[in-house]
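Participant: Handing over model08.pdb, PDB, C-alpha atoms.
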MODEL        1
ATOM      1  CA  MET A  45      37.331 -10.582 -16.033
ATOM      2  CA  GLU A  46      35.710 -10.731 -19.437
ATOM      3  CA  ILE A  47      32.784  -8.617 -18.314
ATOM      4  CA  LEU A  48      35.057  -5.625 -17.673
ATOM      5  CA  ASN A  49      36.362  -5.634 -21.250
ATOM      6  CA  TYR A  50      33.176  -3.990 -22.471
ATOM      7  CA  ALA A  51      32.638  -0.276 -21.955
ATOM      8  CA  PHE A  52      28.872  -0.622 -21.594
ATOM      9  CA  MET A  53      29.306  -3.147 -18.765
ATOM     10  CA  GLN A  54      31.804  -0.871 -17.026
ATOM     11  CA  ARG A  55      29.194   1.887 -17.112
ATOM     12  CA  ALA A  56      26.445  -0.491 -15.996
ATOM     13  CA  LEU A  57      28.470  -1.797 -13.038
ATOM     14  CA  LEU A  58      29.363   1.724 -11.907
ATOM     15  CA  ALA A  59      25.713   2.736 -12.104
ATOM     16  CA  ALA A  60      24.744  -0.438 -10.224
ATOM     17  CA  VAL A  61      27.127   0.335  -7.356
ATOM     18  CA  LEU A  62      25.787   3.881  -7.053
ATOM     19  CA  VAL A  63      22.210   2.609  -7.087
ATOM     20  CA  GLY A  64      23.060   0.010  -4.439
ATOM     21  CA  ILE A  65      24.376   2.782  -2.190
ATOM     22  CA  THR A  66      21.753   5.459  -2.718
ATOM     23  CA  ALA A  67      18.505   3.452  -2.728
ATOM     24  CA  PRO A  68      18.868   1.916   0.773
ATOM     25  CA  ALA A  69      20.457   5.138   2.070
ATOM     26  CA  ILE A  70      17.248   7.110   1.526
ATOM     27  CA  GLY A  71      15.016   4.062   1.927
ATOM     28  CA  ILE A  72      15.853   3.713   5.630
ATOM     29  CA  TYR A  73      14.252   7.102   6.306
ATOM     30  CA  LEU A  74      11.181   6.259   4.232
ATOM     31  CA  VAL A  75      10.736   3.008   6.161
ATOM     32  CA  GLN A  76      11.018   4.871   9.467
ATOM     33  CA  ARG A  77       8.390   7.372   8.253
ATOM     34  CA  ARG A  78       6.105   4.520   7.107
ATOM     35  CA  GLN A  79       6.297   5.784   3.528
ATOM     36  CA  ALA A  80       7.730   2.637   2.011
ATOM     37  CA  LEU A  81       5.769   3.038  -1.230
ATOM     38  CA  MET A  82       6.749   6.648  -1.815
ATOM     39  CA  GLY A  83       9.449   5.590  -4.279
ATOM     40  CA  ASP A  84       6.861   3.708  -6.319
ATOM     41  CA  GLY A  85       4.686   6.827  -6.570
ATOM     42  CA  ILE A  86       7.639   8.999  -7.588
ATOM     43  CA  GLY A  87       8.559   6.409 -10.214
ATOM     44  CA  HIS A  88       5.127   6.806 -11.798
ATOM     45  CA  VAL A  89       5.555  10.596 -11.910
ATOM     46  CA  ALA A  90       9.086  10.291 -13.339
ATOM     47  CA  MET A  91       7.628   8.555 -16.401
ATOM     48  CA  THR A  92       6.248  11.923 -17.504
ATOM     49  CA  GLY A  93       9.772  13.351 -17.260
ATOM     50  CA  VAL A  94      11.169  10.562 -19.423
ATOM     51  CA  GLY A  95       8.472  11.159 -22.037
ATOM     52  CA  LEU A  96       9.116  14.919 -22.003
ATOM     53  CA  GLY A  97      12.826  14.259 -22.429
ATOM     54  CA  PHE A  98      12.176  12.347 -25.646
ATOM     55  CA  LEU A  99       9.629  14.912 -26.842
ATOM     56  CA  LEU A 100      11.915  17.907 -26.244
ATOM     57  CA  SER A 101      15.103  16.075 -27.317
ATOM     58  CA  TRP A 102      16.637  16.651 -23.908
ATOM     59  CA  SER A 103      18.273  14.206 -21.508
ATOM     60  CA  PRO A 104      15.527  11.891 -20.156
ATOM     61  CA  VAL A 105      17.505  11.454 -16.912
ATOM     62  CA  TRP A 106      17.684  15.179 -16.146
ATOM     63  CA  MET A 107      14.114  15.806 -17.266
ATOM     64  CA  ALA A 108      12.900  12.901 -15.131
ATOM     65  CA  THR A 109      14.844  14.351 -12.196
ATOM     66  CA  LEU A 110      13.148  17.731 -12.610
ATOM     67  CA  VAL A 111       9.643  16.281 -12.959
ATOM     68  CA  SER A 112      10.051  13.761 -10.137
ATOM     69  CA  VAL A 113      11.356  16.464  -7.772
ATOM     70  CA  LEU A 114       8.317  18.618  -8.564
ATOM     71  CA  GLY A 115       6.098  15.582  -8.061
ATOM     72  CA  ALA A 116       7.736  14.748  -4.722
ATOM     73  CA  VAL A 117       7.233  18.314  -3.481
ATOM     74  CA  LEU A 118       3.599  18.175  -4.578
ATOM     75  CA  MET A 119       3.176  14.861  -2.737
ATOM     76  CA  GLU A 120       4.474  16.452   0.464
ATOM     77  CA  LEU A 121       2.121  19.412   0.059
ATOM     78  CA  ILE A 122      -0.794  17.032  -0.441
ATOM     79  CA  ARG A 123       0.269  15.145   2.688
ATOM     80  CA  TRP A 124       0.238  18.391   4.684
ATOM     81  CA  TYR A 125      -2.935  19.956   3.344
ATOM     82  CA  GLY A 126      -4.835  17.187   1.552
ATOM     83  CA  LYS A 127      -6.582  15.825   4.652
ATOM     84  CA  THR A 128      -9.428  13.477   3.732
ATOM     85  CA  ARG A 129      -9.068  13.823  -0.039
ATOM     86  CA  GLY A 130      -5.300  13.516  -0.077
ATOM     87  CA  ASP A 131      -5.359   9.872  -1.173
ATOM     88  CA  ILE A 132      -7.500  10.739  -4.199
ATOM     89  CA  ALA A 133      -5.140  13.541  -5.198
ATOM     90  CA  LEU A 134      -2.143  11.245  -4.878
ATOM     91  CA  ALA A 135      -3.838   8.568  -6.986
ATOM     92  CA  MET A 136      -4.501  11.103  -9.755
ATOM     93  CA  LEU A 137      -0.894  12.298  -9.553
ATOM     94  CA  PHE A 138       0.508   8.768  -9.862
ATOM     95  CA  TYR A 139      -1.723   7.595 -12.702
ATOM     96  CA  GLY A 140      -1.479  10.943 -14.449
ATOM     97  CA  GLY A 141       2.298  10.579 -14.377
ATOM     98  CA  MET A 142       2.105   7.187 -16.048
ATOM     99  CA  ALA A 143      -0.354   8.386 -18.676
ATOM    100  CA  GLY A 144       1.698  11.501 -19.356
ATOM    101  CA  GLY A 145       4.835   9.454 -19.925
ATOM    102  CA  VAL A 146       3.145   7.156 -22.425
ATOM    103  CA  MET A 147       1.496  10.082 -24.235
ATOM    104  CA  PHE A 148       4.613  12.280 -24.505
ATOM    105  CA  ILE A 149       6.888   9.493 -25.680
ATOM    106  CA  ASN A 150       4.427   8.542 -28.440
ATOM    107  CA  LEU A 151       4.218  12.194 -29.520
ATOM    108  CA  ALA A 152       8.015  12.415 -29.748
ATOM    109  CA  PRO A 153       9.580  12.077 -33.231
ATOM    110  CA  GLY A 154      10.297   8.398 -33.744
ATOM    111  CA  GLY A 155       9.132   7.637 -30.213
ATOM    112  CA  SER A 156       7.275   4.518 -29.169
ATOM    113  CA  ASN A 157       6.513   2.546 -26.039
ATOM    114  CA  ALA A 158       9.609   0.461 -26.782
ATOM    115  CA  ASN A 159      11.728   3.495 -25.843
ATOM    116  CA  LEU A 160      10.016   3.595 -22.463
ATOM    117  CA  THR A 161      10.633  -0.060 -21.630
ATOM    118  CA  SER A 162      14.306   0.367 -20.707
ATOM    119  CA  TYR A 163      13.352   3.101 -18.231
ATOM    120  CA  LEU A 164      10.512   1.092 -16.747
ATOM    121  CA  PHE A 165      12.458  -2.126 -16.120
ATOM    122  CA  GLY A 166      16.118  -1.148 -16.528
ATOM    123  CA  SER A 167      18.587  -1.946 -19.290
ATOM    124  CA  LEU A 168      22.339  -2.547 -19.210
ATOM    125  CA  SER A 169      23.214  -1.793 -22.813
ATOM    126  CA  THR A 170      21.513   1.618 -22.862
ATOM    127  CA  VAL A 171      23.498   3.223 -20.003
ATOM    128  CA  SER A 172      25.427   5.950 -21.837
ATOM    129  CA  GLU A 173      28.365   8.085 -20.704
ATOM    130  CA  SER A 174      26.049  11.055 -20.199
ATOM    131  CA  ASP A 175      23.792   8.846 -18.050
ATOM    132  CA  VAL A 176      26.769   7.829 -15.907
ATOM    133  CA  THR A 177      27.767  11.482 -15.437
ATOM    134  CA  ALA A 178      24.243  12.402 -14.372
ATOM    135  CA  ILE A 179      23.996   9.368 -12.074
ATOM    136  CA  CYS A 180      27.317  10.213 -10.392
ATOM    137  CA  LEU A 181      26.278  13.808  -9.705
ATOM    138  CA  LEU A 182      22.840  12.837  -8.425
ATOM    139  CA  ALA A 183      24.251  10.012  -6.289
ATOM    140  CA  ALA A 184      26.729  12.429  -4.690
ATOM    141  CA  PHE A 185      23.806  14.655  -3.691
ATOM    142  CA  VAL A 186      21.910  11.708  -2.172
ATOM    143  CA  VAL A 187      24.918  10.516  -0.148
ATOM    144  CA  LEU A 188      25.655  14.053   1.041
ATOM    145  CA  VAL A 189      22.102  14.477   2.334
ATOM    146  CA  THR A 190      21.533  11.015   3.810
ATOM    147  CA  VAL A 191      24.893  10.861   5.599
ATOM    148  CA  GLY A 192      25.538  14.513   6.359
ATOM    149  CA  LEU A 193      22.071  15.121   7.832
ATOM    150  CA  ARG A 194      21.488  11.650   9.252
ATOM    151  CA  ARG A 195      20.833  12.847  12.826
ATOM    152  CA  GLN A 196      18.275  15.449  11.775
ATOM    153  CA  LEU A 197      16.539  13.186   9.254
ATOM    154  CA  PHE A 198      16.389  10.333  11.761
ATOM    155  CA  ALA A 199      14.881  12.598  14.420
ATOM    156  CA  VAL A 200      12.169  13.813  12.058
ATOM    157  CA  SER A 201      11.484  10.290  10.789
ATOM    158  CA  GLN A 202      11.043   8.971  14.326
ATOM    159  CA  ASP A 203       8.882  11.708  15.866
ATOM    160  CA  GLU A 204       7.979  14.899  14.048
ATOM    161  CA  GLU A 205       6.477  16.556  17.125
ATOM    162  CA  PHE A 206       9.562  15.934  19.255
ATOM    163  CA  ALA A 207      11.809  17.144  16.415
ATOM    164  CA  ARG A 208       9.728  20.315  16.139
ATOM    165  CA  VAL A 209       9.998  20.958  19.878
ATOM    166  CA  THR A 210      13.783  20.625  19.704
ATOM    167  CA  GLY A 211      13.879  23.368  17.080
ATOM    168  CA  LEU A 212      14.448  21.348  13.916
ATOM    169  CA  PRO A 213      12.916  22.693  10.662
ATOM    170  CA  VAL A 214      10.590  19.730  10.263
ATOM    171  CA  ARG A 215       8.834  20.787   7.070
ATOM    172  CA  ALA A 216      12.083  21.707   5.348
ATOM    173  CA  LEU A 217      13.594  18.342   6.301
ATOM    174  CA  ASN A 218      10.474  16.517   5.102
ATOM    175  CA  LEU A 219      10.735  18.300   1.760
ATOM    176  CA  LEU A 220      14.431  17.480   1.558
ATOM    177  CA  THR A 221      13.667  13.796   2.201
ATOM    178  CA  ALA A 222      11.050  13.792  -0.563
ATOM    179  CA  VAL A 223      13.388  15.542  -3.008
ATOM    180  CA  THR A 224      16.212  13.124  -2.171
ATOM    181  CA  ALA A 225      13.881  10.175  -2.759
ATOM    182  CA  ALA A 226      12.936  11.654  -6.136
ATOM    183  CA  VAL A 227      16.591  12.047  -7.094
ATOM    184  CA  THR A 228      17.266   8.449  -6.036
ATOM    185  CA  VAL A 229      14.488   7.192  -8.309
ATOM    186  CA  THR A 230      16.128   8.821 -11.330
ATOM    187  CA  VAL A 231      19.536   7.487 -10.274
ATOM    188  CA  ALA A 232      18.157   3.941 -10.222
ATOM    189  CA  MET A 233      15.878   3.946 -13.248
ATOM    190  CA  ARG A 234      18.562   3.004 -15.787
ATOM    191  CA  VAL A 235      19.585  -0.093 -13.793
ATOM    192  CA  VAL A 236      16.523  -1.251 -11.847
ATOM    193  CA  GLY A 237      13.730   0.584 -13.678
ATOM    194  CA  LEU A 238      11.092   3.033 -12.488
ATOM    195  CA  LEU A 239       8.571   0.335 -11.615
ATOM    196  CA  LEU A 240      10.973  -1.684  -9.448
ATOM    197  CA  VAL A 241      13.130   0.958  -7.753
ATOM    198  CA  SER A 242      10.895   1.134  -4.677
ATOM    199  CA  ALA A 243      11.775  -2.480  -3.833
ATOM    200  CA  LEU A 244      15.475  -1.625  -3.704
ATOM    201  CA  MET A 245      14.713   1.264  -1.344
ATOM    202  CA  VAL A 246      12.692  -0.832   1.089
ATOM    203  CA  VAL A 247      13.671  -4.518   1.018
ATOM    204  CA  PRO A 248      17.396  -4.146   1.916
ATOM    205  CA  VAL A 249      16.373  -2.013   4.912
ATOM    206  CA  ALA A 250      13.778  -4.573   5.999
ATOM    207  CA  ALA A 251      16.372  -7.349   5.593
ATOM    208  CA  ALA A 252      18.940  -5.449   7.681
ATOM    209  CA  GLN A 253      16.373  -4.910  10.421
ATOM    210  CA  GLN A 254      16.141  -8.685  10.826
ATOM    211  CA  LEU A 255      19.660  -8.651  12.255
ATOM    212  CA  THR A 256      19.883  -5.398  14.204
ATOM    213  CA  ARG A 257      17.809  -2.587  15.654
ATOM    214  CA  SER A 258      20.611   0.013  15.735
ATOM    215  CA  PHE A 259      20.159   2.752  13.132
ATOM    216  CA  ALA A 260      23.852   2.915  12.229
ATOM    217  CA  ALA A 261      24.170  -0.866  11.890
ATOM    218  CA  THR A 262      20.935  -1.106   9.888
ATOM    219  CA  PHE A 263      22.147   1.661   7.569
ATOM    220  CA  ALA A 264      25.514  -0.043   6.982
ATOM    221  CA  ILE A 265      24.054  -3.527   6.421
ATOM    222  CA  ALA A 266      21.319  -2.216   4.115
ATOM    223  CA  VAL A 267      23.834  -0.351   1.936
ATOM    224  CA  ALA A 268      26.182  -3.348   1.840
ATOM    225  CA  LEU A 269      23.292  -5.581   0.851
ATOM    226  CA  GLY A 270      22.133  -3.070  -1.767
ATOM    227  CA  VAL A 271      25.565  -2.959  -3.401
ATOM    228  CA  SER A 272      25.850  -6.763  -3.318
ATOM    229  CA  VAL A 273      22.507  -7.439  -5.000
ATOM    230  CA  THR A 274      22.897  -4.723  -7.640
ATOM    231  CA  ILE A 275      26.324  -6.012  -8.656
ATOM    232  CA  GLY A 276      25.144  -9.617  -8.490
ATOM    233  CA  GLY A 277      22.019  -8.837 -10.509
ATOM    234  CA  THR A 278      23.968  -6.891 -13.129
ATOM    235  CA  VAL A 279      26.529  -9.672 -13.589
ATOM    236  CA  THR A 280      23.801 -12.320 -13.707
ATOM    237  CA  SER A 281      21.896 -10.277 -16.271
ATOM    238  CA  TYR A 282      24.954 -10.137 -18.504
ATOM    239  CA  TYR A 283      25.767 -13.857 -18.413
ATOM    240  CA  GLN A 284      22.218 -15.241 -18.381
ATOM    241  CA  ASP A 285      20.583 -12.617 -20.637
ATOM    242  CA  VAL A 286      17.798 -11.828 -18.160
ATOM    243  CA  PRO A 287      16.277  -8.430 -17.233
ATOM    244  CA  PRO A 288      18.574  -6.624 -14.765
ATOM    245  CA  GLY A 289      15.838  -4.903 -12.760
ATOM    246  CA  ALA A 290      13.854  -8.066 -12.133
ATOM    247  CA  THR A 291      17.021 -10.027 -11.318
ATOM    248  CA  ILE A 292      18.174  -7.444  -8.765
ATOM    249  CA  VAL A 293      14.785  -7.305  -7.056
ATOM    250  CA  LEU A 294      14.477 -11.105  -6.880
ATOM    251  CA  LEU A 295      17.981 -11.340  -5.393
ATOM    252  CA  THR A 296      17.019  -8.699  -2.839
ATOM    253  CA  ILE A 297      13.888 -10.605  -1.818
ATOM    254  CA  GLY A 298      15.922 -13.812  -1.627
ATOM    255  CA  ALA A 299      18.399 -12.081   0.687
ATOM    256  CA  PHE A 300      15.525 -10.897   2.864
ATOM    257  CA  ILE A 301      14.160 -14.440   3.187
ATOM    258  CA  LEU A 302      17.628 -15.829   3.972
ATOM    259  CA  LEU A 303      18.345 -13.228   6.651
ATOM    260  CA  SER A 304      14.889 -13.755   8.155
ATOM    261  CA  VAL A 305      15.626 -17.480   8.536
ATOM    262  CA  LEU A 306      19.058 -16.796  10.037
ATOM    263  CA  ALA A 307      17.699 -14.131  12.367
ATOM    264  CA  ALA A 308      15.154 -16.440  14.048
ATOM    265  CA  PRO A 309      17.650 -18.429  16.183
ATOM    266  CA  LEU A 310      19.558 -15.216  16.879
ATOM    267  CA  ALA A 311      16.393 -13.618  18.255
ATOM    268  CA  ARG A 312      15.715 -16.655  20.469
ATOM    269  CA  ARG A 313      19.282 -16.555  21.796
ATOM    270  CA  ARG A 314      18.919 -12.865  22.629
ATOM    271  CA  ALA A 315      15.632 -13.535  24.419
ATOM    272  CA  ARG A 316      17.234 -16.293  26.535
ATOM    273  CA  ALA A 317      20.194 -14.060  27.376
ATOM    274  CA  LEU A 318      17.847 -11.258  28.396
ATOM    275  CA  ALA A 319      15.813 -13.606  30.580
ATOM    276  CA  ALA A 320      18.973 -14.922  32.247
ATOM    277  CA  ALA A 321      20.189 -11.394  32.937
ATOM    278  CA  ARG A 322      17.062 -10.458  34.894
ATOM    279  CA  PRO A 323      17.352 -10.709  38.723
ATOM    280  CA  ALA A 324      15.740 -13.849  40.107
ATOM    281  CA  ALA A 325      12.513 -13.376  42.100
ATOM    282  CA  ASP A 326      12.503 -13.977  45.879
ATOM    283  CA  PRO A 327      11.556 -17.519  46.943
ATOM    284  CA  ALA A 328       7.951 -17.924  48.015
ATOM    285  CA  GLU A 329       8.871 -18.711  51.657
ATOM    286  CA  CYS A 330      10.839 -15.470  51.977
ATOM    287  CA  LYS A 331       7.926 -13.239  50.970
ATOM    288  CA  ILE A 332       5.962 -11.445  53.676
ATOM    289  CA  PRO A 333       2.197 -11.946  53.292
ATOM    290  CA  ALA A 334       1.167  -8.297  53.473
ATOM    291  CA  THR A 335      -2.567  -8.993  53.754
ATOM    292  CA  ARG A 336      -2.183 -11.334  56.724
ATOM    293  CA  GLY A 337       0.209  -9.020  58.532
ATOM    294  CA  ALA A 338      -2.219  -6.124  58.226
ATOM    295  CA  ALA A 339      -5.042  -8.245  59.639
ATOM    296  CA  ASP A 340      -2.922  -9.235  62.668
ATOM    297  CA  GLU A 341      -2.141  -5.590  63.373
ATOM    298  CA  VAL A 342      -5.835  -4.768  63.368
ATOM    299  CA  GLY A 343      -6.546  -7.702  65.759
ATOM    300  CA  ASP A 344      -3.875  -6.504  68.193
TER
ENDMDL
END
Please re-express this file's structure in structure tokens.

Facilitator:
Amino acid sequence: MEILNYAFMQRALLAAVLVGITAPAIGIYLVQRRQALMGDGIGHVAMTGVGLGFLLSWSPVWMATLVSVLGAVLMELIRWYGKTRGDIALAMLFYGGMAGGVMFINLAPGGSNANLTSYLFGSLSTVSESDVTAICLLAAFVVLVTVGLRRQLFAVSQDEEFARVTGLPVRALNLLTAVTAAVTVTVAMRVVGLLLVSALMVVPVAAAQQLTRSFAATFAIAVALGVSVTIGGTVTSYYQDVPPGATIVLLTIGAFILLSVLAAPLARRRARALAAARPAADPAECKIPATRGAADEVGD
């Protein structure tokens, strides 16, 4: 294939595959916890890390990882202790992260908002060898956590109180989930972009849930769908010269709509099968009228 003759496309496709695996892998836990927009908030905070990376002449990917992890931990602490004013604190954290990124990148030598665009919406040609190395290491961490601790993370995502009663370290697992989500955001930002990564965490999981309710099956289908749309979006971006992040997200939404349409007759078939499997009720003439029988006993 012609596309594989270029080193930058080889790097972009490798990054796309890793993003397609990691984003739905952590996204399934966020969906279960009803924190579908957590990735979007972390993406706003990661912008400050990108700006600091340019300002300090350090790797924007690693700096964004550090800042987004700190932001994710702070978000969890606000969730625990923020109470009524937690939403205000989170709003300031998100918008402060965006403002900090814009400010720091403009203060950097030779920096401008144009440098930030590729991190906000993704860019194929700017994925460097150092970015691929960082993405591979971070993706390995995400897979290790989401697969190796799947039983514990699922238990906490379903019912924190029950998980606590069974002896699981609920707060530590919640922090680990937040940190893993933050790492996933920085893995995906070079391909999908910080502003669109949350869609790749959530939509493949929602699409997979149209077909199955089993956690293992949903996990597998969501990851397969994530890899398919990231590769498809990357290839389409190369041949059609369109933004990769937007293309991947639109393909993901299209897949969700398609699976929703296909799942409707499947759901009706399951409902009919379930109704047929239920034991038939007794015929009306075979039923004993309890009220009348009791009245006859009283009369006797």

Participant: Take the PyMOL selection byres ((chain A and resi 60-77) around 7), run it mentally on this structure, and tell me the resulting residues as number ranges by chain.

Facilitator: A: 56-59, 78-80, 183, 186-187, 190, 198, 201-202, 225, 228, 231-232, 235, 244-246, 248-249, 263, 266-267, 270-271, 274-275

Participant: Selection in question (the file shown): the PyMOL selection byres ((chain A and resi 146-154) around 12). Which residues does it include, as a PyMOL selection string?

Facilitator: chain A and resi 88-102+104+139-145+155-161+163-164

Participant: Between CA of Leu238 (chain A) and CA of Asp84 (chain A), what is the distance in Å, rounded to a tenth?

Facilitator: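 Separation of CA of Leu238 (chain A) and CA of Asp84 (chain A): 7.5 Å.
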
Participant: When you look at Val286 (chain A) with a cut-off of 10 Å (counting only C-alpha atoms), what residues show up, excluding the ones that are within fewer than 5 positions of it in the same chain? I need them as a PyMOL selection string.

Facilitator: chain A and resi 167+277-278+280-281+291

Participant: Using all atoms listed in the file, pick whichever of A:Leu114, A:Arg55, A:Val189, A:Thr262 has the shortest atom-to-atom distance to Thr177 (chain A).

Facilitator: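 Ranked by minimum distance to Thr177 (chain A), first place goes to A:Arg55.
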
Participant: Work out how far apart CA of Ala250 (chain A) and CA of Ala216 (chain A) are and give it in Å to one decimal.

Facilitator: 26.3 Å
